[in-house]
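Colleague: Just one file: final18.csv, with CSV, N, CA, C and O atoms.
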chain,number,residue,atom,x,y,z
A,1,GLN,N,12.9,-133.5,135.4
A,1,GLN,CA,14.4,-133.5,135.3
A,1,GLN,C,14.8,-133.3,133.8
A,1,GLN,O,15.8,-132.5,133.6
A,2,VAL,N,14.2,-133.9,132.9
A,2,VAL,CA,14.5,-133.7,131.5
A,2,VAL,C,14.3,-132.3,131.1
A,2,VAL,O,15.1,-131.6,130.4
A,3,ASP,N,13.1,-131.7,131.5
A,3,ASP,CA,12.8,-130.3,131.2
A,3,ASP,C,13.9,-129.4,131.7
A,3,ASP,O,14.4,-128.5,131.0
A,4,LYS,N,14.2,-129.6,132.9
A,4,LYS,CA,15.2,-128.7,133.6
A,4,LYS,C,16.6,-128.8,132.9
A,4,LYS,O,17.3,-127.8,132.7
A,5,SER,N,17.0,-130.0,132.6
A,5,SER,CA,18.3,-130.2,131.9
A,5,SER,C,18.3,-129.5,130.6
A,5,SER,O,19.3,-128.8,130.2
A,6,MET,N,17.3,-129.7,129.8
A,6,MET,CA,17.2,-129.0,128.5
A,6,MET,C,17.1,-127.5,128.6
A,6,MET,O,17.8,-126.8,127.9
A,7,GLU,N,16.4,-127.0,129.6
A,7,GLU,CA,16.3,-125.6,129.9
A,7,GLU,C,17.6,-125.0,130.2
A,7,GLU,O,18.0,-124.0,129.7
A,8,ASP,N,18.4,-125.6,131.1
A,8,ASP,CA,19.7,-125.2,131.5
A,8,ASP,C,20.6,-125.1,130.2
A,8,ASP,O,21.4,-124.2,130.1
A,9,PHE,N,20.5,-126.1,129.4
A,9,PHE,CA,21.3,-126.2,128.2
A,9,PHE,C,21.0,-125.0,127.2
A,9,PHE,O,21.9,-124.3,126.8
A,10,LEU,N,19.7,-124.8,127.0
A,10,LEU,CA,19.3,-123.7,126.1
A,10,LEU,C,19.7,-122.3,126.7
A,10,LEU,O,20.2,-121.5,125.9
A,11,VAL,N,19.5,-122.1,127.9
A,11,VAL,CA,19.9,-120.8,128.5
A,11,VAL,C,21.4,-120.6,128.4
A,11,VAL,O,21.9,-119.5,128.1
A,12,GLN,N,22.2,-121.7,128.7
A,12,GLN,CA,23.7,-121.6,128.6
A,12,GLN,C,24.1,-121.2,127.1
A,12,GLN,O,24.9,-120.4,126.9
A,13,ILE,N,23.5,-121.9,126.1
A,13,ILE,CA,23.9,-121.6,124.7
A,13,ILE,C,23.5,-120.2,124.3
A,13,ILE,O,24.3,-119.5,123.7
A,14,ILE,N,22.3,-119.8,124.6
A,14,ILE,CA,21.8,-118.5,124.2
A,14,ILE,C,22.6,-117.4,124.9
A,14,ILE,O,22.9,-116.4,124.3
A,15,SER,N,22.8,-117.6,126.2
A,15,SER,CA,23.4,-116.5,127.0
A,15,SER,C,24.9,-116.3,126.7
A,15,SER,O,25.5,-115.3,127.0
A,16,LYS,N,25.5,-117.3,126.0
A,16,LYS,CA,26.9,-117.1,125.5
A,16,LYS,C,27.0,-115.9,124.5
A,16,LYS,O,27.9,-115.2,124.5
A,17,LYS,N,26.0,-115.9,123.6
A,17,LYS,CA,26.0,-114.9,122.6
A,17,LYS,C,25.2,-113.6,123.0
A,17,LYS,O,25.6,-112.5,122.6
A,18,PHE,N,24.2,-113.7,123.8
A,18,PHE,CA,23.4,-112.6,124.3
A,18,PHE,C,23.5,-112.5,125.8
A,18,PHE,O,22.6,-112.8,126.5
A,19,THR,N,24.6,-111.9,126.2
A,19,THR,CA,25.0,-112.0,127.6
A,19,THR,C,24.2,-111.2,128.6
A,19,THR,O,24.1,-111.4,129.8
A,20,ASN,N,23.5,-110.2,128.1
A,20,ASN,CA,22.7,-109.2,128.9
A,20,ASN,C,21.2,-109.4,128.9
A,20,ASN,O,20.5,-108.6,129.4
A,21,ASP,N,20.7,-110.5,128.2
A,21,ASP,CA,19.3,-110.7,128.0
A,21,ASP,C,18.7,-111.4,129.2
A,21,ASP,O,19.3,-112.1,130.0
A,22,PHE,N,17.4,-111.1,129.4
A,22,PHE,CA,16.5,-111.8,130.4
A,22,PHE,C,16.1,-113.1,129.8
A,22,PHE,O,16.1,-113.3,128.6
A,23,PHE,N,15.7,-114.0,130.7
A,23,PHE,CA,15.1,-115.3,130.3
A,23,PHE,C,13.8,-115.5,131.2
A,23,PHE,O,13.8,-115.2,132.4
A,24,LEU,N,12.8,-116.0,130.6
A,24,LEU,CA,11.6,-116.5,131.3
A,24,LEU,C,11.5,-118.0,130.9
A,24,LEU,O,11.2,-118.3,129.7
A,25,CYS,N,11.7,-118.9,131.9
A,25,CYS,CA,11.7,-120.3,131.6
A,25,CYS,C,10.6,-121.0,132.5
A,25,CYS,O,10.3,-120.6,133.6
A,26,GLU,N,10.2,-122.1,131.9
A,26,GLU,CA,9.1,-122.9,132.6
A,26,GLU,C,9.5,-123.4,134.0
A,26,GLU,O,8.8,-123.3,134.9
A,27,CYS,N,10.7,-123.9,134.1
A,27,CYS,CA,11.2,-124.6,135.3
A,27,CYS,C,11.7,-123.6,136.3
A,27,CYS,O,11.4,-123.6,137.5
A,28,VAL,N,12.7,-122.7,135.9
A,28,VAL,CA,13.3,-121.9,136.9
A,28,VAL,C,12.7,-120.5,137.0
A,28,VAL,O,13.1,-119.7,137.9
A,29,GLY,N,11.8,-120.1,136.2
A,29,GLY,CA,11.1,-118.8,136.2
A,29,GLY,C,12.0,-117.8,135.5
A,29,GLY,O,12.6,-118.1,134.5
A,30,GLU,N,12.1,-116.6,136.1
A,30,GLU,CA,12.8,-115.5,135.4
A,30,GLU,C,14.3,-115.4,135.8
A,30,GLU,O,14.6,-115.6,137.0
A,31,ILE,N,15.1,-115.2,134.8
A,31,ILE,CA,16.5,-115.0,135.0
A,31,ILE,C,16.8,-113.6,134.6
A,31,ILE,O,16.5,-113.3,133.4
A,32,TYR,N,17.2,-112.7,135.5
A,32,TYR,CA,17.3,-111.3,135.2
A,32,TYR,C,18.5,-111.0,134.4
A,32,TYR,O,19.6,-111.5,134.6
A,33,GLY,N,18.3,-110.0,133.4
A,33,GLY,CA,19.4,-109.5,132.6
A,33,GLY,C,19.5,-108.0,132.8
A,33,GLY,O,18.9,-107.4,133.7
A,34,LYS,N,20.2,-107.4,131.8
A,34,LYS,CA,20.5,-105.9,131.9
A,34,LYS,C,19.9,-105.1,130.8
A,34,LYS,O,20.2,-103.9,130.6
A,35,ASN,N,19.1,-105.7,129.9
A,35,ASN,CA,18.6,-104.9,128.7
A,35,ASN,C,17.1,-105.2,128.5
A,35,ASN,O,16.5,-105.8,129.4
A,36,ASP,N,16.6,-104.9,127.4
A,36,ASP,CA,15.2,-105.0,127.1
A,36,ASP,C,14.7,-106.2,126.4
A,36,ASP,O,13.6,-106.3,125.9
A,37,TYR,N,15.6,-107.2,126.2
A,37,TYR,CA,15.3,-108.4,125.5
A,37,TYR,C,15.1,-109.5,126.5
A,37,TYR,O,15.8,-109.6,127.5
A,38,ARG,N,14.0,-110.3,126.2
A,38,ARG,CA,13.7,-111.5,127.0
A,38,ARG,C,13.4,-112.7,126.2
A,38,ARG,O,12.6,-112.6,125.3
A,39,TRP,N,14.1,-113.8,126.5
A,39,TRP,CA,13.9,-115.1,125.8
A,39,TRP,C,12.9,-115.8,126.6
A,39,TRP,O,13.0,-116.0,127.8
A,40,VAL,N,11.8,-116.3,126.0
A,40,VAL,CA,10.8,-117.1,126.6
A,40,VAL,C,11.0,-118.6,126.2
A,40,VAL,O,10.9,-118.9,125.0
A,41,ILE,N,11.2,-119.5,127.1
A,41,ILE,CA,11.6,-120.9,126.8
A,41,ILE,C,10.7,-121.9,127.4
A,41,ILE,O,10.5,-121.9,128.7
A,42,ASP,N,10.1,-122.8,126.6
A,42,ASP,CA,9.5,-124.0,127.1
A,42,ASP,C,10.4,-125.1,126.5
A,42,ASP,O,10.3,-125.4,125.4
A,43,SER,N,11.2,-125.6,127.3
A,43,SER,CA,12.3,-126.5,126.9
A,43,SER,C,11.8,-127.8,126.2
A,43,SER,O,12.3,-128.2,125.2
A,44,ILE,N,10.8,-128.4,126.7
A,44,ILE,CA,10.1,-129.5,126.0
A,44,ILE,C,8.6,-129.4,126.3
A,44,ILE,O,8.1,-129.8,127.3
A,45,ASP,N,7.9,-128.9,125.3
A,45,ASP,CA,6.5,-128.8,125.3
A,45,ASP,C,6.0,-130.1,124.9
A,45,ASP,O,6.2,-130.6,123.8
A,46,GLY,N,5.3,-130.8,125.8
A,46,GLY,CA,4.9,-132.2,125.6
A,46,GLY,C,5.9,-133.2,126.2
A,46,GLY,O,6.2,-134.2,125.6
A,47,SER,N,6.4,-132.8,127.4
A,47,SER,CA,7.4,-133.6,128.0
A,47,SER,C,7.0,-135.1,128.3
A,47,SER,O,7.8,-136.0,128.2
A,48,MET,N,5.7,-135.3,128.6
A,48,MET,CA,5.3,-136.7,128.9
A,48,MET,C,5.3,-137.5,127.6
A,48,MET,O,5.7,-138.7,127.6
A,49,ASN,N,5.0,-136.9,126.5
A,49,ASN,CA,5.2,-137.6,125.2
A,49,ASN,C,6.6,-137.9,124.9
A,49,ASN,O,7.0,-139.0,124.5
A,50,PHE,N,7.5,-136.9,125.2
A,50,PHE,CA,8.9,-137.2,125.0
A,50,PHE,C,9.4,-138.3,125.9
A,50,PHE,O,10.1,-139.2,125.4
A,51,LEU,N,9.0,-138.4,127.1
A,51,LEU,CA,9.5,-139.4,128.0
A,51,LEU,C,8.9,-140.8,127.6
A,51,LEU,O,9.6,-141.8,127.8
A,52,ARG,N,7.8,-140.8,127.0
A,52,ARG,CA,7.2,-142.1,126.5
A,52,ARG,C,7.6,-142.5,125.1
A,52,ARG,O,7.2,-143.5,124.6
A,53,GLY,N,8.5,-141.7,124.5
A,53,GLY,CA,8.9,-142.0,123.1
A,53,GLY,C,7.9,-141.7,122.1
A,53,GLY,O,8.1,-142.1,120.9
A,54,ILE,N,6.9,-140.9,122.4
A,54,ILE,CA,5.9,-140.4,121.4
A,54,ILE,C,6.4,-139.2,120.7
A,54,ILE,O,6.7,-138.2,121.4
A,55,PRO,N,6.6,-139.2,119.4
A,55,PRO,CA,7.3,-138.0,118.8
A,55,PRO,C,6.3,-136.8,118.5
A,55,PRO,O,6.3,-136.2,117.5
A,56,LEU,N,5.5,-136.5,119.5
A,56,LEU,CA,4.7,-135.3,119.5
A,56,LEU,C,5.1,-134.3,120.6
A,56,LEU,O,4.4,-134.2,121.6
A,57,TYR,N,6.2,-133.6,120.4
A,57,TYR,CA,6.7,-132.7,121.4
A,57,TYR,C,7.5,-131.6,120.6
A,57,TYR,O,7.8,-131.8,119.4
A,58,SER,N,7.8,-130.5,121.3
A,58,SER,CA,8.6,-129.5,120.6
A,58,SER,C,9.4,-128.7,121.6
A,58,SER,O,9.2,-128.8,122.8
A,59,VAL,N,10.4,-128.0,121.1
A,59,VAL,CA,11.1,-127.0,121.9
A,59,VAL,C,10.6,-125.7,121.4
A,59,VAL,O,10.6,-125.4,120.2
A,60,CYS,N,10.1,-124.9,122.4
A,60,CYS,CA,9.5,-123.6,122.1
A,60,CYS,C,10.4,-122.5,122.6
A,60,CYS,O,10.7,-122.4,123.8
A,61,ILE,N,10.8,-121.6,121.7
A,61,ILE,CA,11.7,-120.4,122.1
A,61,ILE,C,11.1,-119.2,121.4
A,61,ILE,O,10.9,-119.2,120.2
A,62,GLY,N,10.9,-118.2,122.2
A,62,GLY,CA,10.4,-116.9,121.7
A,62,GLY,C,11.3,-115.8,122.2
A,62,GLY,O,12.0,-115.9,123.2
A,63,LEU,N,11.2,-114.7,121.5
A,63,LEU,CA,12.0,-113.5,121.9
A,63,LEU,C,11.1,-112.3,122.0
A,63,LEU,O,10.3,-112.0,121.1
A,64,GLN,N,11.3,-111.5,123.1
A,64,GLN,CA,10.5,-110.3,123.3
A,64,GLN,C,11.5,-109.1,123.4
A,64,GLN,O,12.6,-109.3,123.9
A,65,TYR,N,11.0,-108.0,122.9
A,65,TYR,CA,11.7,-106.7,123.1
A,65,TYR,C,10.7,-105.8,123.7
A,65,TYR,O,9.7,-105.5,123.2
A,66,ARG,N,11.0,-105.3,124.9
A,66,ARG,CA,10.1,-104.4,125.7
A,66,ARG,C,8.7,-105.0,125.8
A,66,ARG,O,7.7,-104.3,125.5
A,67,ASN,N,8.6,-106.3,126.1
A,67,ASN,CA,7.4,-107.0,126.3
A,67,ASN,C,6.6,-107.2,125.0
A,67,ASN,O,5.4,-107.7,125.1
A,68,GLN,N,7.1,-107.0,123.9
A,68,GLN,CA,6.5,-107.3,122.6
A,68,GLN,C,7.2,-108.4,121.9
A,68,GLN,O,8.4,-108.4,121.8
A,69,THR,N,6.4,-109.5,121.6
A,69,THR,CA,7.0,-110.6,120.9
A,69,THR,C,7.5,-110.2,119.5
A,69,THR,O,6.7,-109.6,118.7
A,70,ILE,N,8.8,-110.5,119.2
A,70,ILE,CA,9.3,-110.1,117.9
A,70,ILE,C,9.7,-111.3,117.1
A,70,ILE,O,9.8,-112.4,117.5
Using structure tokens, write down the structure that the file contains.

Modeller:
Amino acid sequence: QVDKSMEDFLVQIISKKFTNDFFLCECVGEIYGKNDYRWVIDSIDGSMNFLRGIPLYSVCIGLQYRNQTI
């Protein structure tokens, strides 16, 4: 649930500025866009640590252009 909520938040924020981009997310999979850019999101890498209050987790966001990480 926490991963999904954070993922929704990140997609919402990024898509406000980059309205035609694709997204590849851990929870929902691919969200289709209209251009050659794709955001790759792992909203909480280490979610079990996050839930237990262990500060060893991260938010991972990458950007690809025509399948090449940039």

Colleague: Quick check, in Å to one decimal: how far apart do atom N of A:Phe22 and atom N of A:Asp36 lie?

Modeller: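 Computing it gives 6.6 Å between the two atoms.
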
Colleague: Between A:Phe9, A:Trp39, A:Tyr32, A:Phe18, which residue has the minimum interatomic distance to A:Cys60, considering only C-alpha atoms?

Modeller: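 Looking at the shortest contact to A:Cys60, the residue is A:Trp39.
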
Colleague: Please, what distance in Å, to one decimal, runs between atom N of A:Lys17 and atom C of A:Gly46?

Modeller: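 So the answer is 26.6 Å.
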
Colleague: Could you give me the residues within chain A that DSSP places in alpha helix (DSSP H), as a list in words?

Modeller: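 Of chain A, the ones in alpha helix (DSSP H) are Val2, Asp3, Lys4, Ser5, Met6, Glu7, Asp8, Phe9, Leu10, Val11, Gln12, Ile13, Ile14, Ser15, Lys16, Lys17, Ser47, Met48, Asn49, Phe50, Leu51 and Arg52 of chain A.
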
Colleague: Could you tell me how far atom O of A:Asn67 lies from atom N of A:Val2, in Å and to one decimal?

Modeller: 28.7 Å

Colleague: Please list as a PyMOL selection string every residue within 9 Å of A:Ile31, counting only C-alpha atoms and excluding residues in the same chain fewer than 6 positions away.

Modeller: chain A and resi 21-25

Colleague: Out of A:Thr19, A:Gly53, A:Val28, A:Arg38, which residue has the shortest atom-to-atom distance to A:Tyr65 when counting only N, CA, C and O atoms?

Modeller: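 Of the candidates, the smallest distance to A:Tyr65 is held by A:Arg38.
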
Colleague: For a quick check of understanding, using all atoms listed in the file, which of A:Asn20, A:Asn35, A:Ser15, A:Asp3 has the smallest distance to A:Arg66?

Modeller: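 Counting all atoms listed in the file, the residue closest to A:Arg66 is A:Asn35.
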
Colleague: Report the centre and edge lengths, in Å to one decimal, of an axis-aligned box enclosing every atom of stretch 5-22 of chain A listed in the file, padded by 8 Å on each side, as lines of an AutoDock Vina configuration file.

Modeller:
center_x = 22.0
center_y = -119.4
center_z = 127.6
size_x = 27.8
size_y = 37.6
size_z = 26.0

Colleague: Env of stretch 40-45 of chain A: 10 Å cut, atoms = only C-alpha atoms, seq-sep filter 6 positions within chain, self excluded. Answer as a list in words.

Modeller: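 Neighbouring residues, sequence-local ones excluded: Val2, Asp3, Lys4, Ser5, Met6, Glu7, Asp8, Phe9, Leu10, Val11, Phe22, Phe23, Leu24, Cys25, Glu26, Cys27, Gly29, Glu30, Leu56, Tyr57, Ser58, Val59, Cys60, Ile61, Gly62, Leu63, Gln64 and Thr69 of chain A.
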
Colleague: Enumerate as a PDB file with N, CA, C and O atoms, in the frame of the given file all residues of chain A assigned to strand (DSSP E) by DSSP on the backbone, naming them with the chain letters and numbers the document uses.

Modeller:
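Contents of part-v2.pdb, as written:
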ATOM      1  N   PHE A  22      17.400-111.100 129.400  1.00  0.00           N
ATOM      2  CA  PHE A  22      16.500-111.800 130.400  1.00  0.00           C
ATOM      3  C   PHE A  22      16.100-113.100 129.800  1.00  0.00           C
ATOM      4  O   PHE A  22      16.100-113.300 128.600  1.00  0.00           O
ATOM      5  N   PHE A  23      15.700-114.000 130.700  1.00  0.00           N
ATOM      6  CA  PHE A  23      15.100-115.300 130.300  1.00  0.00           C
ATOM      7  C   PHE A  23      13.800-115.500 131.200  1.00  0.00           C
ATOM      8  O   PHE A  23      13.800-115.200 132.400  1.00  0.00           O
ATOM      9  N   LEU A  24      12.800-116.000 130.600  1.00  0.00           N
ATOM     10  CA  LEU A  24      11.600-116.500 131.300  1.00  0.00           C
ATOM     11  C   LEU A  24      11.500-118.000 130.900  1.00  0.00           C
ATOM     12  O   LEU A  24      11.200-118.300 129.700  1.00  0.00           O
ATOM     13  N   CYS A  25      11.700-118.900 131.900  1.00  0.00           N
ATOM     14  CA  CYS A  25      11.700-120.300 131.600  1.00  0.00           C
ATOM     15  C   CYS A  25      10.600-121.000 132.500  1.00  0.00           C
ATOM     16  O   CYS A  25      10.300-120.600 133.600  1.00  0.00           O
ATOM     17  N   GLY A  29      11.800-120.100 136.200  1.00  0.00           N
ATOM     18  CA  GLY A  29      11.100-118.800 136.200  1.00  0.00           C
ATOM     19  C   GLY A  29      12.000-117.800 135.500  1.00  0.00           C
ATOM     20  O   GLY A  29      12.600-118.100 134.500  1.00  0.00           O
ATOM     21  N   GLU A  30      12.100-116.600 136.100  1.00  0.00           N
ATOM     22  CA  GLU A  30      12.800-115.500 135.400  1.00  0.00           C
ATOM     23  C   GLU A  30      14.300-115.400 135.800  1.00  0.00           C
ATOM     24  O   GLU A  30      14.600-115.600 137.000  1.00  0.00           O
ATOM     25  N   ILE A  31      15.100-115.200 134.800  1.00  0.00           N
ATOM     26  CA  ILE A  31      16.500-115.000 135.000  1.00  0.00           C
ATOM     27  C   ILE A  31      16.800-113.600 134.600  1.00  0.00           C
ATOM     28  O   ILE A  31      16.500-113.300 133.400  1.00  0.00           O
ATOM     29  N   TYR A  37      15.600-107.200 126.200  1.00  0.00           N
ATOM     30  CA  TYR A  37      15.300-108.400 125.500  1.00  0.00           C
ATOM     31  C   TYR A  37      15.100-109.500 126.500  1.00  0.00           C
ATOM     32  O   TYR A  37      15.800-109.600 127.500  1.00  0.00           O
ATOM     33  N   ARG A  38      14.000-110.300 126.200  1.00  0.00           N
ATOM     34  CA  ARG A  38      13.700-111.500 127.000  1.00  0.00           C
ATOM     35  C   ARG A  38      13.400-112.700 126.200  1.00  0.00           C
ATOM     36  O   ARG A  38      12.600-112.600 125.300  1.00  0.00           O
ATOM     37  N   TRP A  39      14.100-113.800 126.500  1.00  0.00           N
ATOM     38  CA  TRP A  39      13.900-115.100 125.800  1.00  0.00           C
ATOM     39  C   TRP A  39      12.900-115.800 126.600  1.00  0.00           C
ATOM     40  O   TRP A  39      13.000-116.000 127.800  1.00  0.00           O
ATOM     41  N   VAL A  40      11.800-116.300 126.000  1.00  0.00           N
ATOM     42  CA  VAL A  40      10.800-117.100 126.600  1.00  0.00           C
ATOM     43  C   VAL A  40      11.000-118.600 126.200  1.00  0.00           C
ATOM     44  O   VAL A  40      10.900-118.900 125.000  1.00  0.00           O
ATOM     45  N   ILE A  41      11.200-119.500 127.100  1.00  0.00           N
ATOM     46  CA  ILE A  41      11.600-120.900 126.800  1.00  0.00           C
ATOM     47  C   ILE A  41      10.700-121.900 127.400  1.00  0.00           C
ATOM     48  O   ILE A  41      10.500-121.900 128.700  1.00  0.00           O
ATOM     49  N   ASP A  42      10.100-122.800 126.600  1.00  0.00           N
ATOM     50  CA  ASP A  42       9.500-124.000 127.100  1.00  0.00           C
ATOM     51  C   ASP A  42      10.400-125.100 126.500  1.00  0.00           C
ATOM     52  O   ASP A  42      10.300-125.400 125.400  1.00  0.00           O
ATOM     53  N   SER A  43      11.200-125.600 127.300  1.00  0.00           N
ATOM     54  CA  SER A  43      12.300-126.500 126.900  1.00  0.00           C
ATOM     55  C   SER A  43      11.800-127.800 126.200  1.00  0.00           C
ATOM     56  O   SER A  43      12.300-128.200 125.200  1.00  0.00           O
ATOM     57  N   ILE A  44      10.800-128.400 126.700  1.00  0.00           N
ATOM     58  CA  ILE A  44      10.100-129.500 126.000  1.00  0.00           C
ATOM     59  C   ILE A  44       8.600-129.400 126.300  1.00  0.00           C
ATOM     60  O   ILE A  44       8.100-129.800 127.300  1.00  0.00           O
ATOM     61  N   ASP A  45       7.900-128.900 125.300  1.00  0.00           N
ATOM     62  CA  ASP A  45       6.500-128.800 125.300  1.00  0.00           C
ATOM     63  C   ASP A  45       6.000-130.100 124.900  1.00  0.00           C
ATOM     64  O   ASP A  45       6.200-130.600 123.800  1.00  0.00           O
ATOM     65  N   SER A  58       7.800-130.500 121.300  1.00  0.00           N
ATOM     66  CA  SER A  58       8.600-129.500 120.600  1.00  0.00           C
ATOM     67  C   SER A  58       9.400-128.700 121.600  1.00  0.00           C
ATOM     68  O   SER A  58       9.200-128.800 122.800  1.00  0.00           O
ATOM     69  N   VAL A  59      10.400-128.000 121.100  1.00  0.00           N
ATOM     70  CA  VAL A  59      11.100-127.000 121.900  1.00  0.00           C
ATOM     71  C   VAL A  59      10.600-125.700 121.400  1.00  0.00           C
ATOM     72  O   VAL A  59      10.600-125.400 120.200  1.00  0.00           O
ATOM     73  N   CYS A  60      10.100-124.900 122.400  1.00  0.00           N
ATOM     74  CA  CYS A  60       9.500-123.600 122.100  1.00  0.00           C
ATOM     75  C   CYS A  60      10.400-122.500 122.600  1.00  0.00           C
ATOM     76  O   CYS A  60      10.700-122.400 123.800  1.00  0.00           O
ATOM     77  N   ILE A  61      10.800-121.600 121.700  1.00  0.00           N
ATOM     78  CA  ILE A  61      11.700-120.400 122.100  1.00  0.00           C
ATOM     79  C   ILE A  61      11.100-119.200 121.400  1.00  0.00           C
ATOM     80  O   ILE A  61      10.900-119.200 120.200  1.00  0.00           O
ATOM     81  N   GLY A  62      10.900-118.200 122.200  1.00  0.00           N
ATOM     82  CA  GLY A  62      10.400-116.900 121.700  1.00  0.00           C
ATOM     83  C   GLY A  62      11.300-115.800 122.200  1.00  0.00           C
ATOM     84  O   GLY A  62      12.000-115.900 123.200  1.00  0.00           O
ATOM     85  N   LEU A  63      11.200-114.700 121.500  1.00  0.00           N
ATOM     86  CA  LEU A  63      12.000-113.500 121.900  1.00  0.00           C
ATOM     87  C   LEU A  63      11.100-112.300 122.000  1.00  0.00           C
ATOM     88  O   LEU A  63      10.300-112.000 121.100  1.00  0.00           O
ATOM     89  N   GLN A  64      11.300-111.500 123.100  1.00  0.00           N
ATOM     90  CA  GLN A  64      10.500-110.300 123.300  1.00  0.00           C
ATOM     91  C   GLN A  64      11.500-109.100 123.400  1.00  0.00           C
ATOM     92  O   GLN A  64      12.600-109.300 123.900  1.00  0.00           O
ATOM     93  N   TYR A  65      11.000-108.000 122.900  1.00  0.00           N
ATOM     94  CA  TYR A  65      11.700-106.700 123.100  1.00  0.00           C
ATOM     95  C   TYR A  65      10.700-105.800 123.700  1.00  0.00           C
ATOM     96  O   TYR A  65       9.700-105.500 123.200  1.00  0.00           O
ATOM     97  N   GLN A  68       7.100-107.000 123.900  1.00  0.00           N
ATOM     98  CA  GLN A  68       6.500-107.300 122.600  1.00  0.00           C
ATOM     99  C   GLN A  68       7.200-108.400 121.900  1.00  0.00           C
ATOM    100  O   GLN A  68       8.400-108.400 121.800  1.00  0.00           O
ATOM    101  N   THR A  69       6.400-109.500 121.600  1.00  0.00           N
ATOM    102  CA  THR A  69       7.000-110.600 120.900  1.00  0.00           C
ATOM    103  C   THR A  69       7.500-110.200 119.500  1.00  0.00           C
ATOM    104  O   THR A  69       6.700-109.600 118.700  1.00  0.00           O
TER     105      THR A  69
END
